[in-house]
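**Student:** The structure file start.cif (mmCIF, C-alpha atoms) is provided below.
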```
data_start
loop_
_atom_site.label_atom_id
_atom_site.label_comp_id
_atom_site.auth_asym_id
_atom_site.auth_seq_id
_atom_site.Cartn_x
_atom_site.Cartn_y
_atom_site.Cartn_z
CA MET A 211 8.13 3.73 -10.86
CA GLU A 212 9.80 2.34 -7.75
CA LYS A 213 9.67 -1.42 -7.29
CA VAL A 214 9.68 -2.91 -3.79
CA MET A 215 9.91 -6.46 -2.43
CA PHE A 216 7.76 -7.72 0.41
CA GLN A 217 7.83 -11.04 2.21
CA SER A 218 4.48 -12.73 2.78
CA PRO A 219 4.02 -13.45 6.51
CA GLN A 220 1.88 -16.52 5.70
CA ASP A 221 4.36 -18.50 3.63
CA GLY A 222 7.53 -16.38 3.44
CA GLU A 223 7.12 -15.94 -0.33
CA ALA A 224 8.76 -12.83 -1.81
CA LEU A 225 6.24 -10.52 -3.49
CA GLU A 226 7.12 -7.65 -5.83
CA PHE A 227 4.99 -4.53 -6.07
CA TYR A 228 5.25 -1.21 -7.87
CA VAL A 229 4.73 1.83 -5.64
CA VAL A 230 2.18 4.14 -7.29
CA GLU A 231 1.92 6.67 -4.45
CA GLU A 232 2.76 7.15 -0.79
CA THR A 233 1.06 9.29 1.84
CA SER A 234 1.09 9.84 5.59
CA ILE A 235 -2.17 10.15 7.52
CA ASN A 236 -2.60 10.36 11.30
CA GLY A 237 1.00 9.30 11.87
CA PHE A 238 0.82 6.20 9.64
CA ASN A 239 2.48 5.80 6.25
CA TYR A 240 0.44 4.20 3.47
CA LEU A 241 1.55 2.86 0.11
CA LEU A 242 -0.65 2.36 -2.94
CA VAL A 243 0.96 -0.54 -4.80
CA THR A 244 0.20 -2.62 -7.90
CA GLU A 245 1.43 -5.93 -9.26
CA GLU A 246 1.92 -4.51 -12.78
CA GLU A 247 3.77 -1.34 -13.75
CA ASP A 248 1.24 -0.21 -16.38
CA GLY A 249 -2.39 -0.74 -17.28
CA ASP A 250 -5.41 -1.87 -15.33
CA CYS A 251 -4.56 -4.29 -12.54
CA ASP A 252 -5.24 -5.07 -8.91
CA ALA A 253 -3.99 -2.53 -6.41
CA PHE A 254 -3.39 -2.83 -2.69
CA ILE A 255 -3.05 -0.31 0.11
CA LEU A 256 -0.33 -1.15 2.59
CA LYS A 257 0.04 0.41 6.06
CA ARG A 258 3.43 0.71 7.77
CA PHE A 259 3.80 -0.45 11.35
CA SER A 260 6.83 0.23 13.56
CA GLN A 261 8.51 -2.79 15.08
CA GLY A 262 10.63 -1.08 17.71
CA GLU A 263 14.27 -0.87 16.66
CA GLN A 264 13.86 -3.20 13.68
CA GLU A 265 15.66 -1.80 10.62
CA GLU A 266 13.21 -3.04 7.98
CA ASP A 267 9.81 -1.45 7.50
CA VAL A 268 6.85 -3.73 8.21
CA TYR A 269 3.78 -3.23 6.03
CA GLU A 270 0.41 -4.96 6.19
CA ILE A 271 -2.41 -4.90 3.65
CA VAL A 272 -5.26 -2.70 4.86
CA GLU A 273 -8.27 -4.97 5.34
CA SER A 274 -10.67 -2.82 7.34
CA GLU A 275 -13.37 -1.70 4.88
CA GLU A 276 -13.81 1.62 6.67
CA GLU A 277 -10.07 2.42 6.63
CA LEU A 278 -9.74 1.12 3.06
CA GLU A 279 -12.52 3.40 1.79
CA TYR A 280 -11.07 6.43 3.57
CA ILE A 281 -7.50 5.90 2.33
CA SER A 282 -8.75 5.05 -1.20
CA ARG A 283 -10.49 8.44 -1.37
CA ILE A 284 -7.25 10.14 -0.32
CA PHE A 285 -5.26 8.36 -3.03
CA THR A 286 -7.98 9.17 -5.60
CA GLU A 287 -7.65 12.87 -4.73
CA ILE A 288 -3.85 12.75 -4.93
CA LEU A 289 -3.85 10.84 -8.24
CA GLU A 290 -6.43 12.71 -10.29
CA ASP A 291 -6.12 10.37 -13.30
CA VAL A 292 -6.55 7.13 -11.32
CA ASP A 293 -9.88 5.48 -10.56
CA ILE A 294 -9.84 3.21 -7.52
CA THR A 295 -12.78 0.82 -7.28
CA MET A 296 -13.45 -1.81 -4.66
#
```
Go through the file and emit its structure as structure tokens.
**Tutor:**
Amino acid sequence: MEKVMFQSPQDGEALEFYVVEETSINGFNYLLVTEEEDGDCDAFILKRFSQGEQEEDVYEIVESEEELEYISRIFTEILEDVDITM
């Protein structure tokens, strides 16, 4: 499983996540990530935003309940053996 590093915009802290799945919907890329590689743990859905000519990808945690529910259903369909609960 791919491991990625993110920098928290609030405090600059480096955060490590494991990428479970990636998908593109309506022109936006989404990542389903977890803090642990295996087992039951918290998961987050990140949405990529373009920052002009910036080389690094910028991702934000999806917080809109409506968008979160929609994207969660997509990831549940893609990953048949994963149960995403909110």
**Student:** Run through the PyMOL selection byres ((chain A and resi 211-215) around 7) on the given coordinates and return the selected residues as a ChimeraX atom specification.
**Tutor:** /A:216-217,224-230
**Student:** When distances are computed from all atoms listed in the file, which of A:Ile288, A:Gly237, A:Ile255, A:Thr244 shows the smallest separation from Ser274 (chain A)?
**Tutor:** A:Ile255
**Student:** Please return as a PyMOL selection string every residue within 12 Å of (2.3, 2.4, 0.7), taking into account only C-alpha atoms and the file's own coordinates.
**Tutor:** chain A and resi 212-214+216+227-235+238-244+253-259+267-272+281-282+285
**Student:** Have a look at A:Glu290, A:Glu277, A:Glu266, A:Glu223 and name the one nearest to Asn236 (chain A); count all atoms listed in the file.
**Tutor:**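 The shortest atom-to-atom distance to Asn236 (chain A) comes from A:Glu277.
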**Student:** Quick check, in Å to one decimal: how far apart do CA of Asp248 (chain A) and CA of Glu287 (chain A) lie?
**Tutor:**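 About the pair CA of Asp248 (chain A) and CA of Glu287 (chain A): they are 19.6 Å apart.
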**Student:** Calculate how many Å separate CA of Arg283 (chain A) from CA of Glu245 (chain A), rounding to one decimal.
**Tutor:**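 The value is 20.3 Å.
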**Student:** Please give the centre and size of the box around region 239-253 of chain A (axis-aligned, containing every atom listed in the file, 8 Å added per side), with values in Å to one decimal and written as AutoDock Vina command-line options.
**Tutor:**
```
--center_x -0.8 --center_y -0.1 --center_z -5.5 --size_x 25.2 --size_y 27.7 --size_z 39.5
```
